[in-house]
$ cat model-v2.cif   # mmCIF, C-alpha atoms
data_coords
loop_
_atom_site.label_atom_id
_atom_site.label_comp_id
_atom_site.auth_asym_id
_atom_site.auth_seq_id
_atom_site.Cartn_x
_atom_site.Cartn_y
_atom_site.Cartn_z
CA MET A 197 -9.43 77.55 6.00
CA ALA A 198 -9.79 80.61 8.15
CA ASP A 199 -11.31 80.31 11.60
CA PRO A 200 -14.89 81.71 11.37
CA THR A 201 -14.50 83.33 14.77
CA VAL A 202 -11.30 85.11 13.70
CA THR A 203 -12.87 86.13 10.39
CA GLY A 204 -16.00 87.37 12.12
CA TYR A 205 -14.07 89.48 14.60
CA ALA A 206 -11.87 90.84 11.78
CA GLU A 207 -14.93 91.83 9.77
CA ALA A 208 -16.41 93.51 12.81
CA LEU A 209 -13.21 95.44 13.56
CA PHE A 210 -12.91 96.41 9.89
CA ALA A 211 -16.49 97.67 9.81
CA VAL A 212 -16.09 99.69 13.00
CA ALA A 213 -12.77 101.22 11.88
CA ALA A 214 -14.21 102.04 8.47
CA ALA A 215 -17.33 103.50 10.04
CA GLU A 216 -15.20 105.69 12.30
CA GLY A 217 -13.40 106.92 9.16
CA ASP A 218 -9.94 106.24 10.51
CA LEU A 219 -9.23 102.83 9.02
CA ALA A 220 -5.56 103.35 8.13
CA THR A 221 -4.58 104.65 11.58
CA VAL A 222 -6.60 102.04 13.44
CA GLU A 223 -5.28 99.28 11.22
CA ASP A 224 -1.70 100.36 11.76
CA GLU A 225 -2.09 100.67 15.55
CA LEU A 226 -3.85 97.32 15.77
CA PHE A 227 -1.05 95.73 13.74
CA ARG A 228 1.62 97.14 16.03
CA PHE A 229 -0.28 96.06 19.15
CA ALA A 230 -0.68 92.57 17.71
CA GLN A 231 3.06 92.34 17.04
CA ALA A 232 3.76 93.49 20.60
CA LEU A 233 1.37 90.82 21.86
CA ARG A 234 3.17 88.16 19.77
CA SER A 235 6.57 89.10 21.15
CA ASN A 236 5.52 89.55 24.80
CA ASP A 237 4.49 86.28 26.41
CA GLU A 238 3.71 87.84 29.78
CA LEU A 239 1.35 90.44 28.27
CA ARG A 240 -0.34 87.80 26.11
CA SER A 241 -0.89 85.42 29.00
CA THR A 242 -2.17 88.20 31.24
CA LEU A 243 -4.73 89.43 28.74
CA ALA A 244 -5.78 85.88 27.83
CA ASP A 245 -6.08 84.68 31.46
CA GLN A 246 -9.75 83.91 32.06
CA GLY A 247 -9.05 83.86 35.78
CA VAL A 248 -8.44 87.59 35.71
CA PRO A 249 -11.68 89.61 35.65
CA ALA A 250 -12.50 91.12 32.27
CA ALA A 251 -12.59 94.61 33.77
CA ARG A 252 -9.07 94.13 35.08
CA ARG A 253 -7.81 92.97 31.68
CA GLN A 254 -9.54 95.85 29.92
CA GLN A 255 -7.96 98.20 32.44
CA VAL A 256 -4.55 96.87 31.41
CA VAL A 257 -5.44 97.70 27.78
CA GLU A 258 -6.50 101.18 28.82
CA ASP A 259 -3.24 101.65 30.68
CA LEU A 260 -1.19 100.55 27.67
CA LEU A 261 -3.04 102.33 24.87
CA GLY A 262 -4.95 105.17 26.54
CA GLY A 263 -3.68 108.50 25.23
CA LYS A 264 -1.14 106.81 22.94
CA ALA A 265 -3.46 105.29 20.36
CA ALA A 266 -6.70 106.33 18.75
CA ALA A 267 -9.76 105.92 20.88
CA THR A 268 -11.25 103.56 18.33
CA THR A 269 -8.14 101.37 18.50
CA THR A 270 -8.27 101.26 22.32
CA ALA A 271 -11.98 100.51 22.29
CA LEU A 272 -11.63 97.70 19.75
CA VAL A 273 -8.76 96.04 21.63
CA SER A 274 -10.64 96.41 24.91
CA MET A 275 -13.70 94.84 23.32
CA VAL A 276 -11.74 91.82 22.03
CA VAL A 277 -9.93 91.34 25.35
CA GLY A 278 -13.16 91.70 27.29
CA ALA A 279 -14.75 89.03 25.10
CA GLY A 280 -11.96 86.64 26.13
CA ARG A 281 -10.39 86.57 22.66
CA ALA A 282 -7.03 88.09 23.52
CA ALA A 283 -5.23 84.90 22.47
CA GLU A 284 -6.78 85.20 18.99
CA LEU A 285 -6.14 88.96 18.69
CA PRO A 286 -2.97 88.65 16.51
CA ALA A 287 -4.78 86.36 14.09
CA ILE A 288 -7.82 88.68 14.10
CA VAL A 289 -5.59 91.68 13.31
CA ASP A 290 -3.85 89.73 10.52
CA ALA A 291 -7.24 88.95 9.03
CA LEU A 292 -8.26 92.58 9.44
CA VAL A 293 -5.14 93.80 7.61
CA GLU A 294 -5.73 91.33 4.80
CA ARG A 295 -9.37 92.31 4.66
CA SER A 296 -8.46 95.97 4.51
CA ALA A 297 -5.85 95.42 1.81
CA ALA A 298 -8.27 93.27 -0.12
CA SER A 299 -10.76 96.11 -0.02
CA ARG A 300 -8.16 98.10 -1.94
CA ASN A 301 -7.36 95.16 -4.24
CA LYS A 302 -3.98 94.61 -2.59
CA ALA A 303 -2.18 91.85 -0.71
CA VAL A 304 -0.29 92.22 2.57
CA ALA A 305 3.51 91.85 2.57
CA THR A 306 4.74 91.32 6.11
CA VAL A 307 8.31 92.56 6.31
CA ARG A 308 10.47 91.58 9.28
CA SER A 309 13.53 93.66 9.85
CA ALA A 310 15.83 94.58 12.72
CA VAL A 311 15.15 98.23 12.07
CA ASP A 312 12.14 100.06 10.71
CA LEU A 313 12.03 100.86 7.01
CA THR A 314 11.71 104.39 5.79
CA ALA A 315 8.64 105.37 3.79
CA GLU A 316 10.77 105.50 0.69
CA GLN A 317 12.12 102.04 1.33
CA LYS A 318 8.57 100.73 1.88
CA GLU A 319 7.45 102.21 -1.45
CA ARG A 320 10.47 100.83 -3.31
CA LEU A 321 9.97 97.42 -1.71
CA ALA A 322 6.28 97.40 -2.64
CA SER A 323 7.22 98.33 -6.18
CA ALA A 324 9.93 95.67 -6.28
CA ILE A 325 7.50 93.01 -5.02
CA ASN A 326 5.00 94.15 -7.61
CA THR A 327 7.67 93.83 -10.25
CA ARG A 328 8.63 90.37 -9.02
CA THR A 329 5.22 88.85 -8.28
CA GLY A 330 2.88 90.99 -10.32
CA ARG A 331 0.77 91.68 -7.22
CA GLN A 332 -0.02 94.99 -5.58
CA VAL A 333 0.98 94.83 -1.92
CA GLU A 334 0.85 96.87 1.22
CA VAL A 335 4.02 96.61 3.30
CA LYS A 336 3.60 95.94 7.01
CA VAL A 337 6.90 96.14 8.92
CA VAL A 338 7.52 93.97 11.99
CA ILE A 339 10.60 94.86 14.03
CA ASP A 340 12.41 91.57 14.73
CA PRO A 341 15.92 91.81 16.22
CA THR A 342 16.54 88.13 15.51
CA VAL A 343 16.78 88.98 11.83
CA LEU A 344 20.03 90.83 12.72
CA GLY A 345 20.18 92.63 9.39
CA GLY A 346 18.44 92.71 6.04
CA VAL A 347 14.76 91.83 5.44
CA VAL A 348 12.43 88.82 5.43
CA THR A 349 9.27 89.34 3.40
CA GLU A 350 6.20 87.09 3.67
CA ILE A 351 3.41 87.36 1.11
CA GLY A 352 0.85 84.70 1.86
CA ASP A 353 2.78 81.44 1.66
CA ASP A 354 5.75 82.98 -0.20
CA ILE A 355 8.86 83.97 1.76
CA ILE A 356 11.75 86.07 0.41
CA ASP A 357 14.54 85.78 2.97
CA GLY A 358 17.45 88.26 2.62
CA SER A 359 18.36 88.39 6.28
CA VAL A 360 21.81 88.17 7.86
CA ARG A 361 20.36 85.48 10.10
CA ARG A 362 19.72 83.26 7.08
CA ARG A 363 23.26 83.75 5.86
CA LEU A 364 24.64 82.84 9.30
CA ASN A 365 22.44 79.77 9.34
CA GLN A 366 23.70 78.77 5.91
CA LEU A 367 27.24 79.20 7.18
CA ARG A 368 26.40 77.05 10.23
CA GLU A 369 24.98 74.31 8.00
CA SER A 370 28.09 74.39 5.84
CA PHE A 371 30.19 73.56 8.89
CA ARG A 372 28.27 70.35 9.54
CA MET B 275 15.11 -51.57 45.04
CA ARG B 276 14.80 -55.08 43.83
CA ASN B 277 18.43 -55.91 44.74
CA ARG B 278 17.89 -54.56 48.20
CA ARG B 279 14.89 -56.86 48.70
CA ILE B 280 16.89 -59.86 47.47
CA ARG B 281 19.66 -59.04 49.88
CA LEU B 282 17.19 -58.82 52.75
CA LEU B 283 15.85 -62.31 51.96
CA ALA B 284 19.30 -63.82 51.50
CA ALA B 285 20.49 -62.75 54.92
CA PRO B 286 18.26 -65.07 57.02
CA LEU B 287 18.86 -68.00 54.63
CA LEU B 288 22.57 -67.66 55.10
CA ALA B 289 22.00 -67.59 58.88
CA LEU B 290 20.06 -70.86 58.66
CA VAL B 291 22.80 -72.49 56.68
CA GLY B 292 25.33 -71.31 59.25
CA VAL B 293 23.32 -72.78 62.12
CA LEU B 294 22.99 -76.12 60.37
CA ALA B 295 26.62 -76.25 59.39
CA PHE B 296 28.22 -75.10 62.67
CA ALA B 297 25.97 -76.60 65.38
CA GLY B 298 27.85 -77.16 68.67
CA PRO B 299 29.49 -80.78 68.81
CA ALA B 300 29.98 -80.64 72.60
CA HIS B 301 26.40 -81.29 73.29
CA ALA B 302 26.33 -84.18 70.82
CA ALA B 303 29.71 -85.56 71.97
CA GLY B 304 28.91 -85.53 75.74
CA ALA B 305 25.63 -87.41 75.39
CA THR B 306 26.84 -89.81 72.71
CA VAL B 307 30.17 -90.94 74.37
CA GLY B 308 28.63 -91.76 77.75
CA ALA B 309 25.68 -93.56 76.27
CA CYS B 310 27.91 -95.38 73.83
CA MET B 311 30.33 -96.59 76.53
CA ALA B 312 27.48 -97.46 78.89
CA GLY B 313 25.79 -99.40 76.11
CA GLU B 314 28.99 -101.29 75.18
CA ILE B 315 29.79 -102.16 78.79
CA GLU B 316 26.17 -103.15 79.42
CA HIS B 317 26.36 -105.31 76.35
CA LEU B 318 29.60 -106.99 77.63
CA ILE B 319 28.08 -107.62 81.05
CA GLU B 320 25.06 -109.27 79.46
CA GLU B 321 27.31 -111.42 77.27
CA ALA B 322 29.41 -112.43 80.35
CA HIS B 323 26.26 -113.13 82.33
CA GLY B 324 27.32 -110.90 85.09
CA ASP B 325 30.88 -112.13 85.32
CA LEU B 326 32.79 -108.89 85.92
CA ASP B 327 36.17 -110.56 85.67
CA HIS B 328 35.34 -111.81 82.27
CA VAL B 329 34.26 -108.33 81.32
CA LYS B 330 37.51 -106.93 82.61
CA HIS B 331 39.36 -109.54 80.68
CA GLU B 332 37.50 -108.75 77.56
CA LEU B 333 38.24 -105.07 77.95
CA HIS B 334 41.98 -105.73 78.29
CA ASP B 335 42.45 -108.48 75.85
CA ASN B 336 39.74 -108.49 73.30
CA LYS B 337 40.75 -106.23 70.45
CA LYS B 338 37.31 -106.06 69.07
CA VAL B 339 35.84 -104.85 72.34
CA GLN B 340 38.54 -102.31 72.64
CA ASP B 341 37.83 -101.05 69.16
CA GLU B 342 34.18 -100.74 69.93
CA ILE B 343 34.97 -98.84 73.12
CA GLU B 344 37.37 -96.69 71.26
CA GLY B 345 34.66 -96.10 68.68
CA CYS B 346 32.61 -94.42 71.37
CA PHE B 347 35.27 -91.84 71.74
CA GLU B 348 35.14 -90.88 68.14
CA ALA B 349 33.58 -87.32 67.69
CA PRO B 350 30.18 -87.08 66.11
CA ASN B 351 29.62 -84.94 62.97
CA PRO B 352 30.33 -81.45 64.05
CA ILE B 353 28.17 -80.01 61.29
CA ILE B 354 24.89 -81.72 61.84
CA PRO B 355 23.19 -80.48 65.06
CA GLU B 356 20.80 -82.26 67.19
CA VAL B 357 17.34 -82.59 65.80
CA ASN B 358 15.67 -80.70 68.58
CA GLU B 359 18.01 -77.80 68.10
CA ILE B 360 17.18 -77.77 64.45
CA VAL B 361 13.49 -77.79 65.30
CA TRP B 362 13.66 -74.99 67.85
CA GLY B 363 16.13 -73.02 65.89
CA GLY B 364 14.03 -73.32 62.73
CA LEU B 365 10.91 -72.36 64.64
CA ALA B 366 12.59 -69.33 66.15
CA PHE B 367 13.96 -68.45 62.79
CA LEU B 368 10.56 -68.72 61.19
CA ILE B 369 9.00 -66.56 63.87
CA LEU B 370 11.77 -64.03 63.55
CA PHE B 371 11.54 -64.18 59.77
CA VAL B 372 7.79 -63.67 59.80
CA LEU B 373 8.17 -60.75 62.17
CA MET B 374 10.85 -59.28 60.03
CA VAL B 375 8.79 -59.75 56.88
CA LYS B 376 5.58 -58.39 58.44
CA LYS B 377 6.96 -55.58 60.58
CA GLY B 378 10.60 -54.95 60.10
CA PHE B 379 10.81 -55.15 56.38
CA PRO B 380 7.97 -52.64 55.69
CA ALA B 381 9.40 -50.26 58.28
CA VAL B 382 12.89 -50.61 56.90
CA LYS B 383 11.50 -50.42 53.40
CA GLY B 384 9.46 -47.34 54.28
CA ALA B 385 12.45 -45.73 55.91
CA MET B 386 14.64 -46.65 52.99
CA ASP B 387 12.04 -45.43 50.53
CA ALA B 388 11.58 -42.24 52.50
CA ARG B 389 15.30 -41.80 52.68
CA ALA B 390 15.64 -42.61 48.99
CA GLU B 391 12.80 -40.22 48.22
CA ARG B 392 14.38 -37.56 50.42
CA ILE B 393 17.73 -38.12 48.82
CA ARG B 394 16.07 -38.04 45.40
CA SER B 395 14.21 -34.88 46.29
CA ASP B 396 17.40 -33.47 47.71
CA LEU B 397 19.19 -34.42 44.54
CA ASP B 398 16.37 -32.93 42.49
CA ALA B 399 16.42 -29.83 44.65
CA ALA B 400 20.18 -29.70 44.30
CA GLU B 401 19.82 -30.10 40.56
CA GLN B 402 17.14 -27.44 40.51
CA ALA B 403 19.23 -25.19 42.71
CA LYS B 404 22.20 -25.83 40.47
CA ALA B 405 20.08 -25.06 37.43
CA ASP B 406 18.70 -22.01 39.14
CA ALA B 407 22.16 -20.96 40.17
CA GLN B 408 23.39 -21.47 36.64
CA ALA B 409 20.42 -19.52 35.32
CA VAL B 410 21.09 -16.79 37.83
CA GLN B 411 24.73 -16.85 36.92
CA ALA B 412 23.89 -16.70 33.22
CA ASP B 413 21.43 -13.91 33.89
CA TYR B 414 23.98 -12.14 36.06
CA GLU B 415 26.64 -12.55 33.42
CA SER B 416 24.20 -11.36 30.78
CA ARG B 417 23.27 -8.38 32.89
CA LEU B 418 26.87 -7.75 33.69
CA ALA B 419 27.67 -7.82 29.99
CA ASP B 420 24.71 -5.52 29.32
CA ALA B 421 25.79 -3.25 32.12
CA LYS B 422 29.32 -3.15 30.78
CA GLY B 423 27.99 -2.41 27.32
CA GLU B 424 25.63 0.23 28.68
CA ALA B 425 28.39 1.74 30.78
CA SER B 426 30.68 1.78 27.78
CA ARG B 427 27.96 3.35 25.67
CA LEU B 428 27.23 5.94 28.35
CA VAL B 429 30.89 6.75 28.67
CA ASP B 430 31.16 7.12 24.91
CA GLU B 431 28.04 9.29 24.81
CA ALA B 432 29.26 11.38 27.71
CA ARG B 433 32.62 11.81 26.05
CA ALA B 434 30.95 12.74 22.76
CA ALA B 435 28.61 15.15 24.54
CA ALA B 436 31.51 16.68 26.43
CA ASP B 437 33.44 17.08 23.21
CA GLN B 438 30.40 18.66 21.56
CA VAL B 439 29.83 20.99 24.51
CA ARG B 440 33.48 21.95 24.53
CA ALA B 441 33.41 22.60 20.79
CA ASP B 442 30.20 24.63 21.15
CA LEU B 443 31.63 26.64 24.02
CA ILE B 444 34.80 27.33 22.11
CA ALA B 445 32.85 28.33 19.01
CA ARG B 446 30.53 30.52 21.06
CA ALA B 447 33.42 32.09 22.92
CA GLU B 448 35.20 32.78 19.65
CA ALA B 449 32.01 34.24 18.19
CA ASP B 450 31.48 36.35 21.29
CA ALA B 451 35.07 37.50 21.21
CA ALA B 452 34.74 38.40 17.55
CA GLY B 453 31.48 40.22 18.26
CA ILE B 454 33.05 42.06 21.18
CA ARG B 455 36.02 43.04 19.02
CA GLU B 456 33.70 44.21 16.24
CA ARG B 457 31.50 46.13 18.65
CA ALA B 458 34.50 47.64 20.35
CA ALA B 459 35.91 48.69 17.00
CA ALA B 460 32.54 50.07 15.91
CA GLU B 461 32.08 51.87 19.21
CA ALA B 462 35.58 53.27 18.98
CA GLU B 463 34.91 54.41 15.44
CA ALA B 464 31.57 55.89 16.44
CA SER B 465 33.12 57.59 19.45
CA LYS B 466 35.83 58.98 17.22
CA ALA B 467 33.30 60.22 14.67
CA GLN B 468 31.12 61.66 17.43
CA ALA B 469 34.11 63.36 19.01
CA ILE B 470 35.08 64.85 15.65
CA ALA B 471 31.50 65.96 15.03
CA ASP B 472 31.24 67.42 18.52
CA LEU B 473 34.55 69.18 18.11
CA ARG B 474 33.52 70.50 14.72
CA ALA B 475 30.17 71.68 16.09
CA GLU B 476 31.92 73.26 19.04
CA VAL B 477 34.43 75.01 16.81
CA SER B 478 31.76 76.11 14.34
CA GLY B 479 29.55 77.29 17.21
CA ILE B 480 32.42 79.33 18.64
CA ALA B 481 33.30 80.69 15.21
CA LEU B 482 29.68 81.49 14.36
CA GLY B 483 29.11 83.08 17.74
CA ALA B 484 32.15 85.24 17.20
CA ALA B 485 31.02 86.04 13.67
CA GLU B 486 27.51 86.89 14.91
CA ARG B 487 28.92 89.22 17.53
CA VAL B 488 31.14 90.88 14.90
CA VAL B 489 28.18 91.24 12.56
CA GLN B 490 25.94 92.66 15.28
CA SER B 491 28.60 95.15 16.30
CA SER B 492 29.08 96.22 12.70
CA LEU B 493 25.36 96.54 11.87
CA ASP B 494 24.80 100.21 12.53
CA ALA B 495 21.97 102.21 10.98
CA GLU B 496 23.93 102.95 7.85
CA VAL B 497 24.81 99.32 7.27
CA GLN B 498 21.21 98.28 8.03
CA GLY B 499 20.00 100.84 5.46
CA ARG B 500 22.43 99.52 2.86
CA LEU B 501 21.38 95.94 3.54
CA ILE B 502 17.69 96.88 3.12
CA ASP B 503 18.43 98.77 -0.06
CA ALA B 504 20.46 95.87 -1.39
CA TYR B 505 17.59 93.52 -0.54
CA ILE B 506 15.08 95.76 -2.36
CA ASP B 507 17.34 95.88 -5.37
CA GLU B 508 17.76 92.15 -5.28
CA VAL B 509 13.98 91.58 -5.13
CA ALA B 510 13.44 94.04 -7.94
CA GLY B 511 16.27 92.59 -10.00
CA SER B 512 15.48 88.92 -9.59
CA ASN B 513 12.04 89.33 -11.24
CA GLY B 514 10.62 86.05 -10.10
#
$ encode --input "model-v2.cif" --output "structure tokens"
Amino acid sequence: MADPTVTGYAEALFAVAAAEGDLATVEDELFRFAQALRSNDELRSTLADQGVPAARRQQVVEDLLGGKAAATTTALVSMVVGAGRAAELPAIVDALVERSAASRNKAVATVRSAVDLTAEQKERLASAINTRTGRQVEVKVVIDPTVLGGVVTEIGDDIIDGSVRRRLNQLRESFR
Amino acid sequence: MRNRRIRLLAAPLLALVGVLAFAGPAHAAGATVGACMAGEIEHLIEEAHGDLDHVKHELHDNKKVQDEIEGCFEAPNPIIPEVNEIVWGGLAFLILFVLMVKKGFPAVKGAMDARAERIRSDLDAAEQAKADAQAVQADYESRLADAKGEASRLVDEARAAADQVRADLIARAEADAAGIRERAAAEAEASKAQAIADLRAEVSGIALGAAERVVQSSLDAEVQGRLIDAYIDEVAGSNG
């Protein structure tokens, strides 16, 4: 069951982004920022530290995103961090992405890969997933060097692992 | 007791008989010979009417007178004492006898009775002591026999207990030794298996690390693109 706080924030961010008329861009920038927050412990702890004044934490957000992301994206992240919800920001963004995809009658396929996928590869992968699962999906790519090569796709609770890492792990298990 | 009393009474009677039988003849002889000769001579003088020559003649020539004179020299009965001696002796005897009966005999009797009683009590005490000694000896011998039996039993029990303890110790030592051998064997086997597993993990880790480095070095953009394309084709081809 989804956390009501996370769901509430996601709905709010979705409404603001939709109202600003730049939902796709904001959604994509929020998703990337959330992935950066997941992979950077120091940034996550700094933004979530309640001992640091909210203005100081929001200033960090401004320094990171100001001029690089849409103003709406910067404002929404600053709002969440200022409210002391930086630790929940990745979950809020995930809920936002799902909410946005659901608004288009689609599911979210999180794709982890060592390198970014081309637009053509994303379309082919979405089509292939549709062929396999019968669901329309939007592909969200997460750059994860630990995958080494290949792709790991997560759709809800389903995982399709075609990574080199998995094959190495299988090889490691076979040695035992 | 009765015999002793009879013997005490017989003693003075025998003394009386002795006095009567062996009274001194000297006293009787001295008085009797003089008086006898004086009487005979006086009788001759009276018959001769004072004629001393006739008396002398009679003494030398008359056989009868000579026999009478000679008869005066014959000893009186040596057994029979003088009457006065018998009287005084009997009186003294009676006094002595009465004193002995009244004083001496009870004292002697009391002393004898006391001595007899003491001897009897001593004998009884000796008998009792002997009985006690025999009882003590029997008790001692009984206790000695019991003690010997108890000692023998204790020795047997101690020997049996020692044998049991020795057997238990040997069994326990053997069991411990067997357990130690089994544990040592199991530990050796486990150590061997662990060493093999560690070695295998080490070798596989080295091999996988090398393989990972080779893979990383070979995963350029082109290879990554082909891997992604192959993955997409696989997802599309598997169809659930």
$ closest_residue --input "model-v2.cif" --among "B:Ile480, B:Leu428, B:Arg474, B:Ser395" --to "chain A" --atoms "only C-alpha atoms"
B:Arg474
$ resolve_selection --input "model-v2.cif" --expression "the PyMOL selection byres ((chain A) within 8 of (chain B))" --output "number ranges by chain"
A: 311, 313, 317, 320-321, 323-325, 327-329, 344-347, 358, 364, 367-368, 371-372
$ atom_distance --input "model-v2.cif" --atom1 "atom CA of A:Ala250" --atom2 "atom CA of A:Val277"
7.4 Å
$ residues_near_point --input "model-v2.cif" --point "(-2.0, 100.1, 15.1)" --cutoff "12 Å" --atoms "all atoms listed in the file" --output "PyMOL selection string"
chain A and resi 213+218-233+261+264-270+272-273+286+289-290+292-293+336-338
$ atom_distance --input "model-v2.cif" --atom1 "atom CA of A:Ile288" --atom2 "atom CA of A:Ala206"
5.1 Å
